[in-house]
Structure formats: structure tokens, C-alpha cells
Amino acid sequence: MSSLPRCLYVKEILGCLATSRIIEIDENSEKYFVMEELRPILKTMSITANLLTFCNQRKDDIIELLDINGPNGYCVHSKTGLVLFLGYCVHSKTGFGGVLTARRERDIDSLIQIELFQDTPDLKDKLESGLSYVEYGSGEGAVILEMAKRFPKSQFTAVDYSTDAISVLQQKILDQNLTNVQGIHGDLHDLPSDWSEKYDVAYIRDVIHDVGDPVKATNEIVRSVKRGGVVSITEVAIKGSNQREQRDDPVAPQFYLYSTCICVPESLNQPGGVGLGCTSGQEKMSKILMEGGIPKDSLEMYFKSAQNIVRYVYRK
Ligand SMILES: C[S@@+](CC[C@H](N)C(=O)[O-])C[C@H]1O[C@@H](n2cnc3c(N)ncnc32)[C@H](O)[C@@H]1O
């Protein structure tokens with residue numbers, strides 16, 4: 001039994017504790033320690049209330065993952081119940097997909113503007129005239145369904161690994177009488193062989209760090225886009241590429257929590273299982289995208305600090 005998956009979880013958990021300053025990183029070594037003055041506070045647990053609340057909801061799952069004989073990961077859509085969003089525990093009857101959908105729908109206008117049109121304004125005119133658009137890892141389709149409504153002359157395809165998410169999406173397509181969008185169950189590591197140069201636009205949001213093999217997935221995404229087409233990848237991001245740099249970023253602890261409980265288990269549950277997590281940073285992600293076939297000179301990067309995202313664009 002390999003100890004690598006366990007190490008990846010421990011790295012994320014330590015990152016969460018270090019960036020929230022619950023533990024400190026020794027200046028001369030990579031060792032962690034708890035500051036003397038923090039010890040009494042930690043005993044009363046007031047500073048860790050949010051963290052503990054969340055971990056408590058997921059404790060059985062996490063204990064199972066950390067057990068040397070436990071599973072390496074799990075599919076996040078299969079875990080219903082309580083999940084953490086922006087520091088709050090939200091009851092979700094529909095599970096992970098339902099919470100994500102509610103969150104995307106809340107900011108859908110600015111999300112579409114910032115993640116699709118801000119740096120590629122020509123895309124809007126093209127969508128209005130009609131083109132073929134695919135979203136990989138669409139979840140239950142909050143973004144693609146809105147795009148299909150706004151651009152009736154274009155044809156939209158949503159692909160997701162989760163059969164549950166795709167079933168919900170297909171039902172929404174029927175309920176909303178949309179005729180220019182379809183939902184397909186599929187794996188980014190292995191898209192159909194006849195999808196080479198099939199789409200004008202591929203949009204991927206908050207997915208690459210979740211897949212088992214991000215390089216292979218990028219390769220497949222690039223293959224599926226036509227020459228002259230656009231690959232638009234949004235990845236969540238915190239500034240800095242290591243925990244020491246990230247320590248003072250107030251959102252960093254949340255990202256390490258998501259990574260521990262959502263992203264790393266999802267990736268480790270898939271073939272390849274690199275367990276990248278959502279905290280790896282822009283430098284590592286851009287390397288992966290280049291290894292996956294996006295030429296260095298053609299990789300555009302837009303860091304949007306207010307949204308904690310990086311948008312990667314490749315005009316093929
Ligand atoms: C964090 S969610 C993001 C969902 C959606 N893009 C959004 O931003 O609301 C990641 C999604 O990627 C999907 N996914 C993970 N691995 C995948 C794979 N190998 N192929 C296709 N989809 C995958 C998951 O099922 C999940 O719906």
C-alpha cells in the first residue's frame with residue numbers, strides 16, 4: 001500500500017493550519033510549530049471554530065481517507081449532506097452539485113462577463129452569430145444553461161464525469177425547453193476519438209485540478225478544439241506558490257479545506273490520481289497546461305484577485 005495519498009492529504013491539512021496561522025512554519029526548516037501564546041486559545045478552540053465545525057461534518061469521511069487501509073479518495077458528487085462554502089455550513093438536499101449551482105447562479109452575470117468576455121470580447125459576437133461550444137466538467141450546468149439561453153444560435157454540449165450531475169442537467173434542459181444544449185456523460189481523460197477539432201470554444205471551470213491526470217485532460221481538451229478556436233480555462237487560485245507566501249491571505253485556509261475535503265479526494269479517486277488540489281498556484285498550473293499541449297507563447301493568463309481565479313486562454 002503506497003503512503004503517497006496519505007502524504008498529499010497531510011500536506012493540504014498542514015497548509016490549512018499554516019495559512020490560518022494556527023501553526024507556524026519554522027524559518028530555518030520545513031518544520032511546523034504552535035506558538036506559545038496561541039496554545040491557551042487553541043485549548044478553548046475559539047479560533048478554530050469554523051474549521052472544526054466543517055471537519056466535524058466530514059470527520060468520518062476524512063478519518064477513512066487518512067487510514068492507511070482506507071480508500072484513496074471519493075467522488076464528491078456521491079457525498080451528500082453538509083459541505084462548507086465560504087466558511088459556512090450549508091444544508092444541501094441535492095449534495096455538492098446543488099450547492100455549486102446555487103453559488104454560480106447567484107453571480108452568473110459577472111461570472112460570464114469576467115470568465116468569458118472580459119479578455120476575449122470577440123467571443124460574444126461569434127456566439128451571437130452561432131458556434132459550437134463545449135463545457136467540460138459542467139456539473140449540473142449552471143453556466144452552460146445560461147449561455148444556451150443567451151445565445152440561441154449557438155450549439156452547446158456539457159460533459160461531466162458524474163452521471164448524477166448529468167442526469168440533473170438533462171432534466172433541467174427538458175424542464176426549460178432548451179433545444180440548443182445537450183448533456184453527455186464523459187471523462188476528460190478519454191474523449192471520443194472523433195472529437196478532434198470539433199468545437200469552436202471549450203470552457204472549463206474549476207475542474208483541471210480535480211481530475212486524476214491534468215496533463216492528459218488538457219491534451220484532450222486541446223485536441224477537441226478547432227484551429228482558430230478558443231480554450232478558456234478558469235481555475236480557482238490564491239496568490240503565492242507555497243504555504244509561507246500564502247500565510248497572510250485570509251482566503252487561503254478555506255482553499256486548503258476545500259482541497260482536503262473536495263478536490264484531492266476527487267482526483268485520487270480517478271486514474272492517474274495526482275491529487276493536485278486547488279492550492280497549487282498559477283506557476284504549477286501553467287506548467288501543466290503547457291505540458292498538456294498549450295504552447296508557452298500562446299498561453300494567456302489573467303489573474304483576478306477579487307474573484308480568486310486565474311483565467312487561462314489559448315487561441316489555437
Ligand atoms: C468543482 S466542480 C465544478 C463544476 C462547474 N464547472 C462549476 O464551476 O460549477 C468539478 C466538476 O468536474 C467534474 N469532473 C471531475 N473529474 C472529471 C473528469 N475526469 N471528466 C469530466 N468531468 C470531471 C466533477 O464531476 C465536477 O462536476
# chains A, B, ... in the order shown; residues from 1 in each chain; ligands from 1
call {"tool": "residues_near_ligand", "arguments": {"ligand": "ligand 1", "cutoff": "6 Å", "atoms": "only C-alpha atoms and all ligand atoms", "output": "VMD selection string"}}
result
chain A and resid 100 to 101 136 to 139 160 to 162 186 to 189 205 to 207 210 to 211
call {"tool": "write_last_selection", "arguments": {"atoms": "N, CA and C atoms", "output": "PDB file, in the first residue's frame"}}
result
ATOM      1  N   LEU A 100     -22.986  23.991  -5.505  1.00  0.00           N
ATOM      2  CA  LEU A 100     -22.219  24.707  -6.532  1.00  0.00           C
ATOM      3  C   LEU A 100     -23.152  25.500  -7.445  1.00  0.00           C
ATOM      4  N   THR A 101     -24.262  24.869  -7.841  1.00  0.00           N
ATOM      5  CA  THR A 101     -25.208  25.530  -8.748  1.00  0.00           C
ATOM      6  C   THR A 101     -25.741  26.805  -8.106  1.00  0.00           C
ATOM      7  N   TYR A 136     -16.488  21.317 -20.316  1.00  0.00           N
ATOM      8  CA  TYR A 136     -16.064  20.078 -19.662  1.00  0.00           C
ATOM      9  C   TYR A 136     -16.122  20.256 -18.147  1.00  0.00           C
ATOM     10  N   GLY A 137     -16.661  19.243 -17.461  1.00  0.00           N
ATOM     11  CA  GLY A 137     -16.801  19.338 -16.000  1.00  0.00           C
ATOM     12  C   GLY A 137     -17.854  20.368 -15.648  1.00  0.00           C
ATOM     13  N   SER A 138     -18.972  20.292 -16.362  1.00  0.00           N
ATOM     14  CA  SER A 138     -20.033  21.314 -16.225  1.00  0.00           C
ATOM     15  C   SER A 138     -20.795  21.196 -14.923  1.00  0.00           C
ATOM     16  N   GLY A 139     -20.653  20.072 -14.205  1.00  0.00           N
ATOM     17  CA  GLY A 139     -21.512  19.838 -13.053  1.00  0.00           C
ATOM     18  C   GLY A 139     -22.964  19.820 -13.519  1.00  0.00           C
ATOM     19  N   ASP A 160     -19.729  15.852 -18.252  1.00  0.00           N
ATOM     20  CA  ASP A 160     -19.261  15.667 -16.869  1.00  0.00           C
ATOM     21  C   ASP A 160     -19.099  14.180 -16.587  1.00  0.00           C
ATOM     22  N   TYR A 161     -18.166  13.908 -15.702  1.00  0.00           N
ATOM     23  CA  TYR A 161     -17.790  12.577 -15.248  1.00  0.00           C
ATOM     24  C   TYR A 161     -18.867  11.981 -14.338  1.00  0.00           C
ATOM     25  N   SER A 162     -19.620  12.867 -13.694  1.00  0.00           N
ATOM     26  CA  SER A 162     -20.615  12.397 -12.729  1.00  0.00           C
ATOM     27  C   SER A 162     -21.941  12.149 -13.438  1.00  0.00           C
ATOM     28  N   GLY A 186     -19.159  11.914 -19.667  1.00  0.00           N
ATOM     29  CA  GLY A 186     -17.870  11.635 -20.304  1.00  0.00           C
ATOM     30  C   GLY A 186     -16.716  11.926 -19.379  1.00  0.00           C
ATOM     31  N   ASP A 187     -15.566  11.391 -19.756  1.00  0.00           N
ATOM     32  CA  ASP A 187     -14.362  11.541 -18.936  1.00  0.00           C
ATOM     33  C   ASP A 187     -13.338  12.358 -19.721  1.00  0.00           C
ATOM     34  N   LEU A 188     -12.874  13.424 -19.099  1.00  0.00           N
ATOM     35  CA  LEU A 188     -11.899  14.302 -19.760  1.00  0.00           C
ATOM     36  C   LEU A 188     -10.596  13.606 -20.144  1.00  0.00           C
ATOM     37  N   HIS A 189     -10.323  12.464 -19.509  1.00  0.00           N
ATOM     38  CA  HIS A 189      -9.093  11.754 -19.861  1.00  0.00           C
ATOM     39  C   HIS A 189      -9.230  11.004 -21.169  1.00  0.00           C
ATOM     40  N   ARG A 205     -14.223  25.144 -16.043  1.00  0.00           N
ATOM     41  CA  ARG A 205     -14.178  25.984 -14.846  1.00  0.00           C
ATOM     42  C   ARG A 205     -14.020  25.139 -13.596  1.00  0.00           C
ATOM     43  N   ASP A 206     -12.934  25.354 -12.857  1.00  0.00           N
ATOM     44  CA  ASP A 206     -12.794  24.722 -11.547  1.00  0.00           C
ATOM     45  C   ASP A 206     -12.742  23.188 -11.675  1.00  0.00           C
ATOM     46  N   VAL A 207     -12.058  22.693 -12.682  1.00  0.00           N
ATOM     47  CA  VAL A 207     -12.069  21.257 -12.974  1.00  0.00           C
ATOM     48  C   VAL A 207     -10.661  20.658 -13.077  1.00  0.00           C
ATOM     49  N   ASP A 210      -9.047  19.010 -10.291  1.00  0.00           N
ATOM     50  CA  ASP A 210      -9.815  17.891  -9.723  1.00  0.00           C
ATOM     51  C   ASP A 210      -9.580  16.568 -10.446  1.00  0.00           C
ATOM     52  N   VAL A 211      -9.076  16.617 -11.673  1.00  0.00           N
ATOM     53  CA  VAL A 211      -9.003  15.374 -12.446  1.00  0.00           C
ATOM     54  C   VAL A 211      -7.789  14.543 -12.011  1.00  0.00           C
TER      55      VAL A 211
END
call {"tool": "select_by_dssp", "arguments": {"residues": "region 114-299 of chain A", "states": "strand (DSSP E or B)", "output": "ChimeraX atom specification"}}
result
/A:132-136,155-160,181-185,199-205,225-236,299
call {"tool": "write_last_selection", "arguments": {"atoms": "N, CA and C atoms", "output": "mmCIF file, in the first residue's frame"}}
result
data_model
loop_
_atom_site.group_PDB
_atom_site.id
_atom_site.type_symbol
_atom_site.label_atom_id
_atom_site.label_comp_id
_atom_site.auth_asym_id
_atom_site.auth_seq_id
_atom_site.Cartn_x
_atom_site.Cartn_y
_atom_site.Cartn_z
ATOM 1 N N SER A 132 -20.011 26.338 -32.124
ATOM 2 C CA SER A 132 -20.139 25.124 -31.304
ATOM 3 C C SER A 132 -19.278 25.280 -30.042
ATOM 4 N N TYR A 133 -19.886 25.034 -28.903
ATOM 5 C CA TYR A 133 -19.289 25.352 -27.600
ATOM 6 C C TYR A 133 -19.422 24.129 -26.715
ATOM 7 N N VAL A 134 -18.338 23.763 -26.064
ATOM 8 C CA VAL A 134 -18.402 22.637 -25.123
ATOM 9 C C VAL A 134 -17.923 23.103 -23.755
ATOM 10 N N GLU A 135 -18.585 22.599 -22.703
ATOM 11 C CA GLU A 135 -18.074 22.841 -21.351
ATOM 12 C C GLU A 135 -17.739 21.489 -20.732
ATOM 13 N N TYR A 136 -16.488 21.317 -20.316
ATOM 14 C CA TYR A 136 -16.064 20.078 -19.662
ATOM 15 C C TYR A 136 -16.122 20.256 -18.147
ATOM 16 N N GLN A 155 -24.599 26.193 -30.547
ATOM 17 C CA GLN A 155 -24.901 24.834 -30.086
ATOM 18 C C GLN A 155 -23.997 24.500 -28.908
ATOM 19 N N PHE A 156 -24.576 24.001 -27.814
ATOM 20 C CA PHE A 156 -23.828 23.801 -26.574
ATOM 21 C C PHE A 156 -23.827 22.324 -26.147
ATOM 22 N N THR A 157 -22.658 21.861 -25.692
ATOM 23 C CA THR A 157 -22.532 20.499 -25.164
ATOM 24 C C THR A 157 -21.884 20.559 -23.788
ATOM 25 N N ALA A 158 -22.538 19.925 -22.813
ATOM 26 C CA ALA A 158 -21.976 19.857 -21.455
ATOM 27 C C ALA A 158 -21.507 18.432 -21.208
ATOM 28 N N VAL A 159 -20.294 18.294 -20.679
ATOM 29 C CA VAL A 159 -19.738 16.963 -20.401
ATOM 30 C C VAL A 159 -19.343 16.912 -18.933
ATOM 31 N N ASP A 160 -19.729 15.852 -18.252
ATOM 32 C CA ASP A 160 -19.261 15.667 -16.869
ATOM 33 C C ASP A 160 -19.099 14.180 -16.587
ATOM 34 N N VAL A 181 -28.875 22.726 -26.441
ATOM 35 C CA VAL A 181 -27.875 22.245 -25.478
ATOM 36 C C VAL A 181 -28.144 20.779 -25.148
ATOM 37 N N GLN A 182 -27.040 20.018 -25.011
ATOM 38 C CA GLN A 182 -27.168 18.611 -24.610
ATOM 39 C C GLN A 182 -26.175 18.309 -23.500
ATOM 40 N N GLY A 183 -26.517 17.342 -22.656
ATOM 41 C CA GLY A 183 -25.622 16.919 -21.575
ATOM 42 C C GLY A 183 -25.135 15.510 -21.847
ATOM 43 N N ILE A 184 -23.831 15.298 -21.756
ATOM 44 C CA ILE A 184 -23.251 13.992 -22.071
ATOM 45 C C ILE A 184 -22.363 13.545 -20.918
ATOM 46 N N HIS A 185 -22.515 12.277 -20.520
ATOM 47 C CA HIS A 185 -21.602 11.738 -19.520
ATOM 48 C C HIS A 185 -20.275 11.408 -20.199
ATOM 49 N N TYR A 199 -14.883 21.514 -31.705
ATOM 50 C CA TYR A 199 -15.562 22.689 -31.120
ATOM 51 C C TYR A 199 -14.826 24.002 -31.398
ATOM 52 N N ASP A 200 -15.628 25.084 -31.478
ATOM 53 C CA ASP A 200 -15.033 26.419 -31.612
ATOM 54 C C ASP A 200 -14.537 26.936 -30.268
ATOM 55 N N VAL A 201 -15.276 26.587 -29.212
ATOM 56 C CA VAL A 201 -14.910 27.069 -27.869
ATOM 57 C C VAL A 201 -15.018 25.923 -26.871
ATOM 58 N N ALA A 202 -13.990 25.800 -26.021
ATOM 59 C CA ALA A 202 -14.089 24.875 -24.878
ATOM 60 C C ALA A 202 -13.922 25.702 -23.611
ATOM 61 N N TYR A 203 -14.885 25.564 -22.704
ATOM 62 C CA TYR A 203 -14.852 26.300 -21.426
ATOM 63 C C TYR A 203 -14.737 25.271 -20.302
ATOM 64 N N ILE A 204 -13.811 25.513 -19.398
ATOM 65 C CA ILE A 204 -13.570 24.563 -18.304
ATOM 66 C C ILE A 204 -13.384 25.389 -17.044
ATOM 67 N N ARG A 205 -14.223 25.144 -16.043
ATOM 68 C CA ARG A 205 -14.178 25.984 -14.846
ATOM 69 C C ARG A 205 -14.020 25.139 -13.596
ATOM 70 N N VAL A 225 -10.581 21.062 -29.783
ATOM 71 C CA VAL A 225 -10.885 22.424 -30.268
ATOM 72 C C VAL A 225 -10.325 22.641 -31.677
ATOM 73 N N LYS A 226 -11.138 23.329 -32.495
ATOM 74 C CA LYS A 226 -10.742 23.595 -33.897
ATOM 75 C C LYS A 226 -9.578 24.573 -33.958
ATOM 76 N N ARG A 227 -8.832 24.533 -35.024
ATOM 77 C CA ARG A 227 -7.822 25.582 -35.269
ATOM 78 C C ARG A 227 -8.576 26.907 -35.393
ATOM 79 N N GLY A 228 -8.066 27.923 -34.722
ATOM 80 C CA GLY A 228 -8.773 29.208 -34.714
ATOM 81 C C GLY A 228 -9.777 29.308 -33.574
ATOM 82 N N GLY A 229 -9.976 28.181 -32.872
ATOM 83 C CA GLY A 229 -10.915 28.174 -31.740
ATOM 84 C C GLY A 229 -10.256 28.641 -30.446
ATOM 85 N N VAL A 230 -11.065 28.652 -29.367
ATOM 86 C CA VAL A 230 -10.579 29.186 -28.086
ATOM 87 C C VAL A 230 -10.766 28.163 -26.970
ATOM 88 N N VAL A 231 -9.690 27.956 -26.188
ATOM 89 C CA VAL A 231 -9.790 27.174 -24.953
ATOM 90 C C VAL A 231 -9.784 28.181 -23.810
ATOM 91 N N SER A 232 -10.811 28.135 -22.956
ATOM 92 C CA SER A 232 -10.904 29.077 -21.836
ATOM 93 C C SER A 232 -11.013 28.293 -20.537
ATOM 94 N N ILE A 233 -9.952 28.375 -19.749
ATOM 95 C CA ILE A 233 -9.905 27.588 -18.505
ATOM 96 C C ILE A 233 -9.897 28.545 -17.317
ATOM 97 N N THR A 234 -10.839 28.355 -16.412
ATOM 98 C CA THR A 234 -10.828 29.140 -15.167
ATOM 99 C C THR A 234 -10.423 28.207 -14.038
ATOM 100 N N GLU A 235 -9.436 28.626 -13.282
ATOM 101 C CA GLU A 235 -9.026 27.842 -12.115
ATOM 102 C C GLU A 235 -9.097 28.743 -10.887
ATOM 103 N N VAL A 236 -9.601 28.216 -9.789
ATOM 104 C CA VAL A 236 -9.561 28.989 -8.556
ATOM 105 C C VAL A 236 -8.098 29.146 -8.146
ATOM 106 N N LEU A 299 -0.069 30.942 -24.328
ATOM 107 C CA LEU A 299 -0.860 30.811 -23.094
ATOM 108 C C LEU A 299 -1.049 32.191 -22.459
#
call {"tool": "residues_around", "arguments": {"residues": "Ser193 (chain A)", "least_positions_apart": "3", "cutoff": "10 Å", "atoms": "only C-alpha atoms", "output": "PyMOL selection string"}}
result
chain A and resi 190+196+220+223-224
call {"tool": "closest_residue", "arguments": {"among": "A:Lys149, A:Arg6, A:Lys198, A:Arg21", "to": "Gln176 (chain A)", "atoms": "only C-alpha atoms"}}
result
A:Lys149
call {"tool": "select_by_dssp", "arguments": {"residues": "region 105-240 of chain A", "states": "alpha helix (DSSP H)", "output": "ChimeraX atom specification"}}
result
/A:105-106,108-112,122-129,142-150,163-175,214-223
call {"tool": "residues_around", "arguments": {"residues": "Tyr74 (chain A)", "least_positions_apart": "2", "cutoff": "12 Å", "atoms": "only C-alpha atoms", "output": "list in words"}}
result
Asp61, Ile62, Glu64, Leu65, Gly70, Pro71, Asn72, Val76, His77, Ser78, Lys79, Thr80, Ser162, Asp210, Val211, Gly212, Thr260, Cys261, Ile262, Cys263, Val264, Pro265, Glu266, Ser267, Leu268, Asn269, Gln270, Gly273 and Gly275 of chain A
call {"tool": "write_last_selection", "arguments": {"atoms": "C-alpha atoms", "output": "mmCIF file, in the first residue's frame"}}
result
data_model
loop_
_atom_site.group_PDB
_atom_site.id
_atom_site.type_symbol
_atom_site.label_atom_id
_atom_site.label_comp_id
_atom_site.auth_asym_id
_atom_site.auth_seq_id
_atom_site.Cartn_x
_atom_site.Cartn_y
_atom_site.Cartn_z
ATOM 1 C CA ASP A 61 -15.015 10.601 5.581
ATOM 2 C CA ILE A 62 -11.686 12.214 6.396
ATOM 3 C CA GLU A 64 -11.469 6.944 6.429
ATOM 4 C CA LEU A 65 -9.212 8.680 3.870
ATOM 5 C CA GLY A 70 -8.833 3.373 3.702
ATOM 6 C CA PRO A 71 -9.862 4.431 0.199
ATOM 7 C CA ASN A 72 -7.583 6.884 -1.657
ATOM 8 C CA VAL A 76 -17.521 14.422 -4.444
ATOM 9 C CA HIS A 77 -20.946 14.134 -6.042
ATOM 10 C CA SER A 78 -21.505 10.885 -4.162
ATOM 11 C CA LYS A 79 -21.145 12.676 -0.826
ATOM 12 C CA THR A 80 -24.378 14.410 0.041
ATOM 13 C CA SER A 162 -20.615 12.397 -12.729
ATOM 14 C CA ASP A 210 -9.815 17.891 -9.723
ATOM 15 C CA VAL A 211 -9.003 15.374 -12.446
ATOM 16 C CA GLY A 212 -6.738 12.368 -11.944
ATOM 17 C CA THR A 260 -8.606 18.428 1.682
ATOM 18 C CA CYS A 261 -12.266 17.535 1.594
ATOM 19 C CA ILE A 262 -13.285 18.000 -2.056
ATOM 20 C CA CYS A 263 -10.518 18.356 -4.646
ATOM 21 C CA VAL A 264 -7.851 15.893 -3.520
ATOM 22 C CA PRO A 265 -10.348 13.059 -2.799
ATOM 23 C CA GLU A 266 -11.915 13.608 -6.255
ATOM 24 C CA SER A 267 -8.562 13.421 -8.043
ATOM 25 C CA LEU A 268 -7.276 10.463 -6.030
ATOM 26 C CA ASN A 269 -10.461 8.606 -6.896
ATOM 27 C CA GLN A 270 -9.600 8.797 -10.612
ATOM 28 C CA GLY A 273 -4.585 10.271 -9.101
ATOM 29 C CA GLY A 275 -4.094 14.896 -6.152
#
